[in-house]
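Engineer: Structure file protein.csv, CSV, C-alpha atoms, is pasted below:
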```csv
chain,number,residue,atom,x,y,z
A,1,MET,CA,0.4,-13.7,17.2
A,2,THR,CA,1.0,-10.5,19.1
A,3,MET,CA,3.0,-7.5,17.8
A,4,ALA,CA,6.2,-8.6,19.5
A,5,GLY,CA,5.2,-11.5,21.7
A,6,ARG,CA,7.0,-10.3,24.7
A,7,GLU,CA,4.4,-7.6,25.5
A,8,LEU,CA,2.0,-10.1,27.0
A,9,ASN,CA,4.5,-12.2,28.9
A,10,SER,CA,5.5,-11.7,32.5
A,11,THR,CA,8.4,-9.7,33.7
A,12,ASP,CA,10.3,-12.9,34.8
A,13,GLU,CA,10.0,-14.3,31.3
A,14,LYS,CA,11.4,-11.1,29.8
A,15,ASP,CA,14.4,-11.2,32.2
A,16,SER,CA,15.1,-14.9,31.3
A,17,ASP,CA,15.2,-14.2,27.6
A,18,LYS,CA,18.9,-13.7,26.8
A,19,ARG,CA,18.5,-13.6,23.0
A,20,THR,CA,19.7,-10.7,20.9
A,21,ILE,CA,17.0,-8.2,19.9
A,22,LEU,CA,17.4,-6.8,16.4
A,23,SER,CA,15.8,-3.5,17.0
A,24,MET,CA,15.4,0.1,15.9
A,25,SER,CA,15.8,3.2,18.0
A,26,ASP,CA,12.8,5.4,18.8
A,27,PHE,CA,14.3,8.2,16.8
A,28,SER,CA,15.0,6.1,13.7
A,29,PHE,CA,11.5,4.6,13.9
A,30,PHE,CA,9.7,7.9,14.0
A,31,LEU,CA,12.1,9.5,11.5
A,32,ILE,CA,11.3,6.9,8.9
A,33,ASN,CA,7.7,6.1,9.5
A,34,ARG,CA,6.0,9.4,10.3
A,35,PRO,CA,6.9,11.1,7.0
A,36,LEU,CA,5.9,7.9,5.2
A,37,ALA,CA,2.6,7.9,7.0
A,38,VAL,CA,1.9,11.5,6.2
A,39,LEU,CA,2.8,11.2,2.5
A,40,ASN,CA,0.8,7.9,2.1
A,41,LEU,CA,-2.2,9.5,3.8
A,42,LEU,CA,-2.2,12.5,1.5
A,43,ALA,CA,-1.8,10.4,-1.6
A,44,ASN,CA,-4.6,8.1,-0.7
A,45,ILE,CA,-6.9,11.0,0.2
A,46,PHE,CA,-6.2,12.2,-3.3
A,47,PHE,CA,-7.1,8.7,-4.6
A,48,VAL,CA,-10.4,9.0,-2.8
A,49,PHE,CA,-11.1,12.3,-4.4
A,50,CYS,CA,-10.3,10.8,-7.8
A,51,LEU,CA,-12.7,7.9,-7.3
A,52,MET,CA,-15.5,10.1,-5.9
A,53,THR,CA,-15.3,12.6,-8.8
A,54,SER,CA,-14.8,10.1,-11.6
A,55,LYS,CA,-17.5,9.4,-14.2
A,56,THR,CA,-19.2,6.1,-14.0
A,57,GLN,CA,-18.2,5.4,-17.6
A,58,GLN,CA,-14.5,5.9,-16.7
A,59,VAL,CA,-14.3,3.3,-13.9
A,60,LYS,CA,-16.7,0.3,-14.0
A,61,GLN,CA,-17.4,-2.5,-11.5
A,62,PRO,CA,-15.7,-4.4,-10.1
A,63,LEU,CA,-12.7,-2.1,-10.6
A,64,THR,CA,-14.3,0.6,-8.5
A,65,ILE,CA,-14.8,-1.8,-5.6
A,66,LEU,CA,-11.3,-3.1,-5.9
A,67,LEU,CA,-9.6,0.4,-6.0
A,68,GLY,CA,-11.9,1.7,-3.3
A,69,SER,CA,-11.2,-1.2,-1.0
A,70,MET,CA,-7.5,-0.9,-1.4
A,71,VAL,CA,-7.5,2.9,-0.7
A,72,SER,CA,-9.9,2.3,2.3
A,73,PHE,CA,-7.6,-0.4,3.7
A,74,THR,CA,-4.6,1.9,3.3
A,75,ILE,CA,-6.2,4.9,5.0
A,76,LEU,CA,-7.5,2.9,7.9
A,77,TYR,CA,-4.1,1.2,8.3
A,78,LEU,CA,-2.4,4.6,8.5
A,79,LEU,CA,-5.0,5.9,11.0
A,80,PHE,CA,-4.6,2.9,13.3
A,81,PHE,CA,-0.8,3.0,12.8
A,82,THR,CA,-0.8,6.6,14.0
A,83,LEU,CA,-3.0,5.7,17.0
A,84,MET,CA,-0.7,2.8,17.9
A,85,THR,CA,2.4,4.9,17.8
A,86,CYS,CA,0.7,7.5,20.0
A,87,ILE,CA,-0.3,4.9,22.6
A,88,LEU,CA,3.3,3.5,22.5
A,89,GLU,CA,4.7,7.0,23.1
A,90,TRP,CA,2.3,8.4,25.6
A,91,VAL,CA,0.2,5.6,27.3
A,92,GLU,CA,2.4,2.5,26.9
A,93,SER,CA,-0.6,0.2,27.2
A,94,PHE,CA,0.7,-3.0,25.5
A,95,VAL,CA,-2.6,-4.7,25.6
A,96,VAL,CA,-4.2,-1.9,23.7
A,97,VAL,CA,-1.3,-1.8,21.3
A,98,ASN,CA,-1.6,-5.5,20.5
A,99,ILE,CA,-5.3,-5.1,19.9
A,100,ILE,CA,-4.6,-2.3,17.4
A,101,TYR,CA,-1.8,-4.4,15.9
A,102,ALA,CA,-4.4,-7.2,15.2
A,103,ILE,CA,-6.5,-4.6,13.4
A,104,VAL,CA,-3.4,-3.3,11.5
A,105,THR,CA,-2.5,-6.9,10.4
A,106,PHE,CA,-6.1,-7.4,9.2
A,107,LEU,CA,-5.9,-4.2,7.1
A,108,THR,CA,-2.5,-5.1,5.6
A,109,ARG,CA,-3.6,-8.5,4.5
A,110,GLY,CA,-6.8,-7.2,3.1
A,111,ASN,CA,-4.8,-4.6,1.1
A,112,MET,CA,-2.5,-7.3,-0.2
A,113,THR,CA,-5.2,-9.8,-1.4
A,114,THR,CA,-7.3,-7.0,-2.9
A,115,TYR,CA,-4.3,-6.1,-5.2
A,116,VAL,CA,-4.1,-9.8,-6.0
A,117,TRP,CA,-7.7,-9.8,-7.3
A,118,LEU,CA,-7.1,-6.5,-9.1
A,119,MET,CA,-4.3,-8.1,-11.1
A,120,PHE,CA,-6.4,-11.2,-11.7
A,121,TYR,CA,-9.1,-9.0,-13.0
A,122,TYR,CA,-6.7,-7.3,-15.4
A,123,TYR,CA,-5.4,-10.6,-16.6
A,124,ILE,CA,-8.9,-11.9,-17.4
A,125,MET,CA,-9.8,-8.6,-19.2
A,126,ILE,CA,-6.6,-8.2,-21.2
A,127,VAL,CA,-5.6,-11.7,-22.2
A,128,PRO,CA,-7.9,-13.3,-24.8
A,129,SER,CA,-8.7,-17.0,-24.3
A,130,GLN,CA,-10.7,-19.7,-26.0
A,131,GLN,CA,-10.8,-22.0,-23.0
A,132,VAL,CA,-14.3,-22.7,-21.7
A,133,LEU,CA,-13.3,-22.1,-18.1
A,134,LEU,CA,-11.6,-18.8,-18.7
A,135,LEU,CA,-14.5,-17.6,-20.9
A,136,TRP,CA,-16.9,-18.5,-18.1
A,137,VAL,CA,-14.7,-16.7,-15.6
A,138,LYS,CA,-14.6,-13.6,-17.8
A,139,LYS,CA,-18.4,-13.6,-18.0
A,140,LYS,CA,-18.8,-14.0,-14.3
A,141,ILE,CA,-15.7,-11.9,-13.2
A,142,GLN,CA,-17.7,-9.5,-11.1
A,143,SER,CA,-19.4,-12.1,-9.0
A,144,ILE,CA,-16.1,-14.1,-8.7
A,145,ILE,CA,-14.2,-11.0,-7.5
A,146,TYR,CA,-16.9,-10.2,-4.9
A,147,LEU,CA,-16.9,-13.8,-3.7
A,148,MET,CA,-13.1,-13.9,-3.3
A,149,MET,CA,-13.1,-10.6,-1.4
A,150,LEU,CA,-15.8,-12.0,0.9
A,151,LEU,CA,-13.6,-15.1,1.5
A,152,ASP,CA,-10.7,-12.7,2.3
A,153,GLY,CA,-12.9,-10.9,4.9
A,154,VAL,CA,-14.1,-14.1,6.5
A,155,ILE,CA,-10.5,-15.5,6.9
A,156,PHE,CA,-8.7,-12.3,8.0
A,157,LEU,CA,-11.5,-10.9,10.1
A,158,GLY,CA,-11.9,-14.3,11.9
A,159,GLU,CA,-8.2,-14.3,12.7
A,160,ALA,CA,-8.4,-10.7,13.9
A,161,CYS,CA,-11.4,-11.3,16.2
A,162,PHE,CA,-9.7,-14.4,17.7
A,163,GLN,CA,-6.5,-12.4,18.3
A,164,ILE,CA,-8.4,-9.7,20.1
A,165,ILE,CA,-10.2,-12.2,22.3
A,166,TYR,CA,-6.9,-14.0,22.9
A,167,ILE,CA,-5.2,-10.8,24.0
A,168,MET,CA,-8.1,-9.7,26.3
A,169,ASP,CA,-8.3,-13.2,28.0
A,170,TYR,CA,-4.6,-13.9,28.2
A,171,SER,CA,-4.3,-12.9,31.9
A,172,ARG,CA,-7.1,-15.3,32.9
A,173,PHE,CA,-5.7,-18.3,30.9
A,174,TYR,CA,-2.0,-18.0,31.8
A,175,ASN,CA,-1.7,-20.9,34.3
A,176,GLY,CA,-1.4,-23.7,31.9
A,177,THR,CA,-5.0,-23.7,30.5
A,178,GLU,CA,-4.0,-21.4,27.6
A,179,SER,CA,-3.0,-24.4,25.5
A,180,VAL,CA,-6.3,-24.4,23.6
A,181,TYR,CA,-5.8,-20.8,22.7
A,182,ASP,CA,-2.3,-21.6,21.5
A,183,GLU,CA,-3.5,-24.4,19.3
A,184,ILE,CA,-6.2,-22.3,17.7
A,185,ASP,CA,-3.6,-19.5,17.2
A,186,ILE,CA,-1.2,-21.9,15.4
A,187,ALA,CA,-4.1,-23.2,13.3
A,188,PHE,CA,-5.1,-19.6,12.3
A,189,PHE,CA,-1.5,-18.8,11.6
A,190,SER,CA,-1.1,-21.8,9.3
A,191,ILE,CA,-4.4,-21.2,7.4
A,192,VAL,CA,-3.7,-17.5,6.9
A,193,ASN,CA,-0.2,-18.0,5.6
A,194,ILE,CA,-1.1,-20.9,3.3
A,195,TYR,CA,-3.9,-18.7,1.9
A,196,MET,CA,-1.6,-15.8,1.5
A,197,PHE,CA,0.9,-17.9,-0.5
A,198,LEU,CA,-1.9,-19.2,-2.7
A,199,CYS,CA,-3.0,-15.6,-3.4
A,200,LEU,CA,0.6,-14.7,-4.2
A,201,PHE,CA,0.8,-17.6,-6.6
A,202,VAL,CA,-2.4,-16.4,-8.4
A,203,MET,CA,-1.0,-12.9,-8.6
A,204,MET,CA,2.3,-13.9,-10.1
A,205,ILE,CA,0.7,-16.3,-12.6
A,206,SER,CA,-1.7,-13.5,-13.7
A,207,CYS,CA,1.2,-10.9,-14.0
A,208,PHE,CA,3.5,-13.2,-16.0
A,209,ALA,CA,0.7,-14.5,-18.3
A,210,THR,CA,-0.3,-10.9,-19.0
A,211,THR,CA,3.3,-9.9,-19.7
A,212,HIS,CA,3.7,-12.9,-22.0
A,213,TYR,CA,0.6,-11.9,-24.0
A,214,LEU,CA,1.6,-8.2,-24.2
A,215,ASN,CA,5.1,-9.2,-25.4
A,216,LYS,CA,3.7,-11.3,-28.2
A,217,HIS,CA,1.2,-8.6,-29.1
A,218,MET,CA,3.9,-6.0,-29.4
A,219,LYS,CA,6.1,-8.2,-31.5
A,220,SER,CA,3.1,-8.9,-33.8
A,221,LEU,CA,2.4,-5.2,-34.1
A,222,SER,CA,6.1,-4.5,-34.9
A,223,ALA,CA,6.1,-7.3,-37.6
A,224,SER,CA,3.0,-5.9,-39.2
A,225,VAL,CA,4.2,-2.3,-39.1
A,226,GLY,CA,1.5,-1.5,-36.6
A,227,SER,CA,1.5,1.4,-34.2
A,228,LEU,CA,3.0,0.9,-30.8
A,229,SER,CA,1.9,4.3,-29.6
A,230,ASN,CA,-1.6,3.1,-28.7
A,231,SER,CA,-2.6,4.6,-25.3
A,232,ARG,CA,-4.5,1.6,-24.4
A,233,LEU,CA,-1.5,-0.7,-24.9
A,234,HIS,CA,0.7,1.7,-22.9
A,235,SER,CA,-1.9,1.6,-20.1
A,236,GLN,CA,-1.9,-2.2,-20.1
A,237,ILE,CA,1.9,-2.3,-20.0
A,238,ARG,CA,2.0,0.1,-17.1
A,239,VAL,CA,-0.6,-2.0,-15.2
A,240,THR,CA,1.4,-5.1,-15.8
A,241,VAL,CA,4.7,-3.7,-14.8
A,242,THR,CA,3.4,-2.2,-11.6
A,243,GLY,CA,1.6,-5.5,-10.9
A,244,ILE,CA,4.9,-7.4,-11.2
A,245,ALA,CA,6.5,-4.8,-8.8
A,246,GLN,CA,3.5,-5.2,-6.4
A,247,GLY,CA,4.0,-9.0,-6.7
A,248,GLY,CA,7.6,-8.6,-5.5
A,249,LEU,CA,6.4,-6.5,-2.6
A,250,CYS,CA,3.7,-9.0,-1.7
A,251,PHE,CA,6.3,-11.8,-1.8
A,252,LEU,CA,8.7,-10.0,0.5
A,253,CYS,CA,5.9,-9.1,2.9
A,254,THR,CA,4.4,-12.6,2.9
A,255,MET,CA,7.8,-14.1,3.6
A,256,TRP,CA,8.6,-11.5,6.3
A,257,ASN,CA,5.6,-12.2,8.5
A,258,PRO,CA,6.4,-15.9,9.2
A,259,LEU,CA,10.0,-15.0,9.6
A,260,TYR,CA,9.1,-12.4,12.2
A,261,VAL,CA,6.9,-14.8,14.1
A,262,ILE,CA,9.2,-17.8,13.9
A,263,SER,CA,12.2,-15.8,14.9
A,264,TYR,CA,10.5,-14.8,18.2
A,265,PHE,CA,9.0,-18.2,19.1
A,266,LEU,CA,11.6,-20.6,17.7
A,267,SER,CA,15.0,-18.9,17.2
A,268,PRO,CA,17.4,-19.5,20.1
A,269,TYR,CA,19.7,-16.7,19.2
A,270,PHE,CA,17.7,-13.5,18.1
A,271,TYR,CA,14.4,-12.1,17.3
A,272,PHE,CA,13.1,-8.9,15.6
A,273,ASP,CA,11.8,-5.9,17.5
A,274,ALA,CA,8.2,-4.7,16.8
A,275,TYR,CA,9.6,-1.4,15.3
A,276,ILE,CA,11.3,-3.3,12.5
A,277,HIS,CA,8.1,-5.3,11.8
A,278,ILE,CA,6.0,-2.1,11.6
A,279,THR,CA,8.6,-0.4,9.4
A,280,VAL,CA,8.4,-3.3,6.9
A,281,LEU,CA,4.6,-3.0,6.8
A,282,ASN,CA,4.9,0.7,6.2
A,283,LEU,CA,7.4,0.3,3.4
A,284,TYR,CA,5.0,-2.2,1.8
A,285,ILE,CA,2.1,0.3,2.1
A,286,SER,CA,4.3,3.0,0.6
A,287,GLY,CA,5.2,0.8,-2.4
A,288,THR,CA,1.5,-0.1,-2.9
A,289,THR,CA,0.6,3.6,-3.0
A,290,VAL,CA,3.3,4.3,-5.6
A,291,ASN,CA,2.2,1.4,-7.7
A,292,LEU,CA,-1.4,2.6,-7.6
A,293,GLY,CA,-0.5,6.1,-8.6
A,294,VAL,CA,1.7,5.0,-11.5
A,295,GLY,CA,-0.4,2.0,-12.7
A,296,GLN,CA,-3.9,3.3,-12.6
A,297,THR,CA,-4.8,5.7,-15.4
A,298,LEU,CA,-7.5,7.5,-13.4
A,299,PHE,CA,-5.1,8.5,-10.6
A,300,ARG,CA,-2.2,9.3,-12.9
A,301,GLU,CA,-4.2,11.5,-15.3
A,302,ARG,CA,-5.9,13.4,-12.5
A,303,ALA,CA,-2.5,14.0,-10.9
A,304,VAL,CA,-1.2,15.4,-14.2
A,305,HIS,CA,-4.2,17.7,-14.5
A,306,VAL,CA,-3.7,19.0,-11.0
A,307,TRP,CA,0.0,19.6,-11.7
A,308,GLU,CA,-0.8,21.4,-14.9
A,309,ALA,CA,-3.4,23.6,-13.1
A,310,VAL,CA,-0.9,24.4,-10.4
A,311,LYS,CA,1.8,25.3,-13.0
A,312,LYS,CA,-0.8,27.5,-14.9
A,313,ILE,CA,-1.6,29.4,-11.7
A,314,LEU,CA,2.1,29.9,-11.0
A,315,CYS,CA,2.8,31.0,-14.5
A,316,THR,CA,-0.1,33.4,-14.6
A,317,GLY,CA,1.1,35.0,-11.4
A,318,LYS,CA,4.6,35.3,-12.7
A,319,SER,CA,3.5,36.7,-16.1
A,320,SER,CA,1.3,39.4,-14.3
A,321,ASN,CA,4.4,40.4,-12.4
A,322,ASP,CA,6.4,40.5,-15.5
A,323,GLN,CA,4.0,43.0,-17.3
A,324,ARG,CA,5.4,45.9,-15.2
A,325,PRO,CA,9.0,46.9,-16.1
A,326,PRO,CA,11.5,46.6,-13.4
A,327,GLY,CA,12.4,49.7,-11.4
A,328,ASN,CA,16.0,49.9,-12.7
A,329,LEU,CA,14.7,49.7,-16.3
A,330,VAL,CA,12.4,52.7,-15.6
A,331,THR,CA,15.3,54.6,-14.1
A,332,MET,CA,17.6,53.8,-17.0
A,333,THR,CA,15.0,54.9,-19.5
A,334,SER,CA,14.4,58.2,-17.7
A,335,LEU,CA,18.2,58.8,-17.7
A,336,SER,CA,18.5,58.1,-21.4
A,337,ILE,CA,15.6,60.5,-22.1
A,338,ILE,CA,17.2,63.2,-19.9
A,339,GLU,CA,20.6,62.7,-21.5
A,340,SER,CA,19.2,62.8,-25.1
A,341,SER,CA,17.3,66.0,-24.3
A,342,GLY,CA,20.4,67.5,-22.8
A,343,VAL,CA,22.3,66.7,-26.0
A,344,ASP,CA,19.6,68.2,-28.1
A,345,THR,CA,19.6,71.4,-26.0
A,346,ALA,CA,23.4,71.7,-26.3
A,347,MET,CA,23.2,71.2,-30.1
A,348,SER,CA,20.5,73.9,-30.3
A,349,LEU,CA,22.7,76.3,-28.3
```
Would you mind writing the file out in structure tokens?

Structural biologist:
Amino acid sequence: MTMAGRELNSTDEKDSDKRTILSMSDFSFFLINRPLAVLNLLANIFFVFCLMTSKTQQVKQPLTILLGSMVSFTILYLLFFTLMTCILEWVESFVVVNIIYAIVTFLTRGNMTTYVWLMFYYYIMIVPSQQVLLLWVKKKIQSIIYLMMLLDGVIFLGEACFQIIYIMDYSRFYNGTESVYDEIDIAFFSIVNIYMFLCLFVMMISCFATTHYLNKHMKSLSASVGSLSNSRLHSQIRVTVTGIAQGGLCFLCTMWNPLYVISYFLSPYFYFDAYIHITVLNLYISGTTVNLGVGQTLFRERAVHVWEAVKKILCTGKSSNDQRPPGNLVTMTSLSIIESSGVDTAMSL
């Protein structure tokens, strides 16, 4: 599926389409998305710095691969998004735009499913279980995560490659022989969306099962007069809460993509403009960046350390300026000395 469908169609087909376009203006699109892109890029570059400077004991596998993959997907998405907007604004080559859009879609889906396996990993590591299957999964969790990420890559990269070939060959297969391409496109669309809903189901089950366990654990600690100020417990709660929030974002984004495509190809009344679609993806990426920053202890603690260092530098500069008395204080002190000496002189006279 192309970015807006209409970019690859002929001019006559555009003119015959009388449906309402739900669109954004160029000004609104760039006003919302460019600041988001800059902020997300800076935040994810900071995440890369945190991962590169972290100790091996602090972040273990497969957590490093999961976090690194998510940050890499986000940075590449932002770079290709910037390239796509530049082409739209300056070159207006819709074929190139749709090729970049296929890459952007691949990166977005890779980001979503990587967060799914991140929450599944936390579920396996946090929630204790006596079931044989879950014990085996916990023992083989690293290999299972790598296998699922490989499956993600095969499905999403296969669809992206097909989309690029479809876009490049569309002009040659436009006289009725493009039906084979359309059938393959529909098959990929169905497979990818079914897989995305299955991943979303795994994520929500993992989040709610972890929430249920932590709730029971906190109640048992309260009943036994245990301490609820355990930093590890707080970290687990933060991870779970941000996971639920991310699950909501994934659900909305997963529902949005079929709605966007179906509205264009099947709705007789309206369809959404590409600007709205890209804005939805950018909002998802922004929410993912916030959830990573809040939920991951490595990123959050490093951000606190950086902020404290900045405050210390600012406070040091301010205190060094405060060591010298203000000019008006010096003047008032001099005047008081002069006045007191004058009084003493008058008394001596």

Engineer: What is the distance between atom CA of A:Phe188 and atom CA of A:Glu159, in Å to one decimal?

Structural biologist: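 Computing it gives 6.2 Å between the two atoms.
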
Engineer: Can you tell me which residues surround stretch 80-89 of chain A at a distance of at most 10 Å, considering only C-alpha atoms, apart from same-chain residues fewer than 3 positions away, and format the answer as a PyMOL selection string?

Structural biologist: chain A and resi 26+29-30+33-34+37-38+75-77+92-94+96-101+103-104+107+275+278+282

Engineer: Would you list the contacts of stretch 19-24 of chain A as a ChimeraX atom specification, taking every protein, DNA or RNA residue within 12 Å and counting only C-alpha atoms, but skipping same-chain residues closer than 3 positions in sequence?

Structural biologist: /A:4,6,13-16,27-33,260,263-280

Engineer: Taking all atoms listed in the file into account, name the residue in A:Met149, A:Leu221, A:Ala209, A:Ile184 that is nearest to A:Tyr122.

Structural biologist: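 Of the candidates, the smallest distance to A:Tyr122 is held by A:Ala209.
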
Engineer: Work out how far atom CA of A:Ser72 is from atom CA of A:Val127, in Å to one decimal.

Structural biologist: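 Atom CA of A:Val127 sits 28.5 Å away from atom CA of A:Ser72.
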
Engineer: Can you work out which one of A:Tyr213, A:Leu157, A:Tyr181, A:Gly295 has the shortest atom-to-atom distance to A:Ser129, counting only C-alpha atoms?

Structural biologist: A:Tyr213

Engineer: At a cut-off of 10 Å, using all atoms listed in the file, what residues contact A:Ser69? Leave out same-chain residues fewer than 6 positions from it and give the result as a PyMOL selection string.

Structural biologist: chain A and resi 63+75+110-111+114-115+149

Engineer: Determine the nearest neighbour of A:Leu78 from the options A:Ser54, A:Leu134, A:Lys216, A:Ile285, counting all atoms listed in the file.

Structural biologist: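 Of the candidates, the smallest distance to A:Leu78 is held by A:Ile285.
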
Engineer: Please indicate the distance in Å from atom CA of A:Leu281 to atom CA of A:Asp169, rounded to one decimal place.

Structural biologist: 26.8 Å

Engineer: Near A:Phe299, counting all atoms listed in the file, which residues have an atom at most 9 Å away, once you skip same-chain residues fewer than 4 positions from it, shown as a VMD selection string?

Structural biologist: chain A and resid 46 to 47 50 to 51 292 to 295 303 to 304

Engineer: Could you tell me which of A:Ser286, A:Thr53, A:Thr316, A:Asn193 comes closest to A:Arg109 if we count all atoms listed in the file?

Structural biologist: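 Looking only at the distances to A:Arg109, the closest residue turns out to be A:Asn193.
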
Engineer: Taking a cut-off of 10 Å and counting all atoms listed in the file, can you build a table that, for each residue of stretch 93-146 of chain A near stretch 239-248 of chain A, reports the nearest atom pair and how far apart they are in Å (one decimal), sorted by chain then residue number, as a Markdown table?

Structural biologist:
```
| residue | atom | partner | partner_atom | distance |
| --- | --- | --- | --- | --- |
| A:Met112 | CA | A:Gln246 | CA | 8.9 |
| A:Tyr115 | CA | A:Gln246 | CA | 7.9 |
| A:Val116 | CA | A:Gly247 | CA | 8.2 |
| A:Leu118 | CA | A:Gly243 | CA | 8.9 |
| A:Met119 | CA | A:Gly243 | CA | 6.5 |
| A:Phe120 | CA | A:Gly243 | CA | 9.9 |
| A:Tyr122 | CA | A:Val239 | CA | 8.1 |
| A:Tyr123 | CA | A:Thr240 | CA | 8.8 |
```

Engineer: Could you check which residues have any atom within 12 Å of (-2.2, -7.1, -27.1), counting all atoms listed in the file with coordinates taken straight from the file, and then list them as an MDAnalysis selection string?

Structural biologist: chainID A and resid 123 125:128 209:222 226:228 230:237

Engineer: Just C-alpha atoms for this one: save the residues we selected as an mmCIF file, keeping the file's coordinate frame.

Structural biologist:
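Saved the output as selection-v6.cif:
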```cif
data_model
loop_
_atom_site.group_PDB
_atom_site.id
_atom_site.type_symbol
_atom_site.label_atom_id
_atom_site.label_comp_id
_atom_site.auth_asym_id
_atom_site.auth_seq_id
_atom_site.Cartn_x
_atom_site.Cartn_y
_atom_site.Cartn_z
ATOM 1 C CA TYR A 123 -5.400 -10.600 -16.600
ATOM 2 C CA MET A 125 -9.800 -8.600 -19.200
ATOM 3 C CA ILE A 126 -6.600 -8.200 -21.200
ATOM 4 C CA VAL A 127 -5.600 -11.700 -22.200
ATOM 5 C CA PRO A 128 -7.900 -13.300 -24.800
ATOM 6 C CA ALA A 209 0.700 -14.500 -18.300
ATOM 7 C CA THR A 210 -0.300 -10.900 -19.000
ATOM 8 C CA THR A 211 3.300 -9.900 -19.700
ATOM 9 C CA HIS A 212 3.700 -12.900 -22.000
ATOM 10 C CA TYR A 213 0.600 -11.900 -24.000
ATOM 11 C CA LEU A 214 1.600 -8.200 -24.200
ATOM 12 C CA ASN A 215 5.100 -9.200 -25.400
ATOM 13 C CA LYS A 216 3.700 -11.300 -28.200
ATOM 14 C CA HIS A 217 1.200 -8.600 -29.100
ATOM 15 C CA MET A 218 3.900 -6.000 -29.400
ATOM 16 C CA LYS A 219 6.100 -8.200 -31.500
ATOM 17 C CA SER A 220 3.100 -8.900 -33.800
ATOM 18 C CA LEU A 221 2.400 -5.200 -34.100
ATOM 19 C CA SER A 222 6.100 -4.500 -34.900
ATOM 20 C CA GLY A 226 1.500 -1.500 -36.600
ATOM 21 C CA SER A 227 1.500 1.400 -34.200
ATOM 22 C CA LEU A 228 3.000 0.900 -30.800
ATOM 23 C CA ASN A 230 -1.600 3.100 -28.700
ATOM 24 C CA SER A 231 -2.600 4.600 -25.300
ATOM 25 C CA ARG A 232 -4.500 1.600 -24.400
ATOM 26 C CA LEU A 233 -1.500 -0.700 -24.900
ATOM 27 C CA HIS A 234 0.700 1.700 -22.900
ATOM 28 C CA SER A 235 -1.900 1.600 -20.100
ATOM 29 C CA GLN A 236 -1.900 -2.200 -20.100
ATOM 30 C CA ILE A 237 1.900 -2.300 -20.000
#
```

Engineer: N, CA and C atoms are what I want for stretch 239-252 of chain A; can you complete it accordingly and write them as an mmCIF file, keeping the file's coordinate frame?

Structural biologist:
```
data_model
loop_
_atom_site.group_PDB
_atom_site.id
_atom_site.type_symbol
_atom_site.label_atom_id
_atom_site.label_comp_id
_atom_site.auth_asym_id
_atom_site.auth_seq_id
_atom_site.Cartn_x
_atom_site.Cartn_y
_atom_site.Cartn_z
ATOM 1 N N VAL A 239 0.087 -1.157 -16.181
ATOM 2 C CA VAL A 239 -0.600 -2.000 -15.200
ATOM 3 C C VAL A 239 0.154 -3.258 -14.905
ATOM 4 N N THR A 240 0.665 -3.881 -15.966
ATOM 5 C CA THR A 240 1.400 -5.100 -15.800
ATOM 6 C C THR A 240 2.700 -4.957 -15.079
ATOM 7 N N VAL A 241 3.441 -3.921 -15.451
ATOM 8 C CA VAL A 241 4.700 -3.700 -14.800
ATOM 9 C C VAL A 241 4.557 -3.366 -13.331
ATOM 10 N N THR A 242 3.608 -2.486 -13.008
ATOM 11 C CA THR A 242 3.400 -2.200 -11.600
ATOM 12 C C THR A 242 2.814 -3.407 -10.862
ATOM 13 N N GLY A 243 2.085 -4.271 -11.570
ATOM 14 C CA GLY A 243 1.600 -5.500 -10.900
ATOM 15 C C GLY A 243 2.748 -6.435 -10.573
ATOM 16 N N ILE A 244 3.751 -6.527 -11.468
ATOM 17 C CA ILE A 244 4.900 -7.400 -11.200
ATOM 18 C C ILE A 244 5.678 -6.776 -9.960
ATOM 19 N N ALA A 245 5.824 -5.446 -9.950
ATOM 20 C CA ALA A 245 6.500 -4.800 -8.800
ATOM 21 C C ALA A 245 5.699 -5.050 -7.517
ATOM 22 N N GLN A 246 4.368 -4.966 -7.606
ATOM 23 C CA GLN A 246 3.500 -5.200 -6.400
ATOM 24 C C GLN A 246 3.654 -6.696 -6.005
ATOM 25 N N GLY A 247 3.767 -7.591 -6.992
ATOM 26 C CA GLY A 247 4.000 -9.000 -6.700
ATOM 27 C C GLY A 247 5.249 -9.218 -5.869
ATOM 28 N N GLY A 248 6.310 -8.490 -6.259
ATOM 29 C CA GLY A 248 7.600 -8.600 -5.500
ATOM 30 C C GLY A 248 7.379 -8.075 -4.070
ATOM 31 N N LEU A 249 6.644 -6.970 -3.906
ATOM 32 C CA LEU A 249 6.400 -6.500 -2.600
ATOM 33 C C LEU A 249 5.560 -7.456 -1.740
ATOM 34 N N CYS A 250 4.531 -8.024 -2.375
ATOM 35 C CA CYS A 250 3.700 -9.000 -1.700
ATOM 36 C C CYS A 250 4.518 -10.230 -1.264
ATOM 37 N N PHE A 251 5.417 -10.664 -2.148
ATOM 38 C CA PHE A 251 6.300 -11.800 -1.800
ATOM 39 C C PHE A 251 7.138 -11.536 -0.621
ATOM 40 N N LEU A 252 7.786 -10.371 -0.620
ATOM 41 C CA LEU A 252 8.700 -10.000 0.500
ATOM 42 C C LEU A 252 7.879 -9.890 1.802
#
```
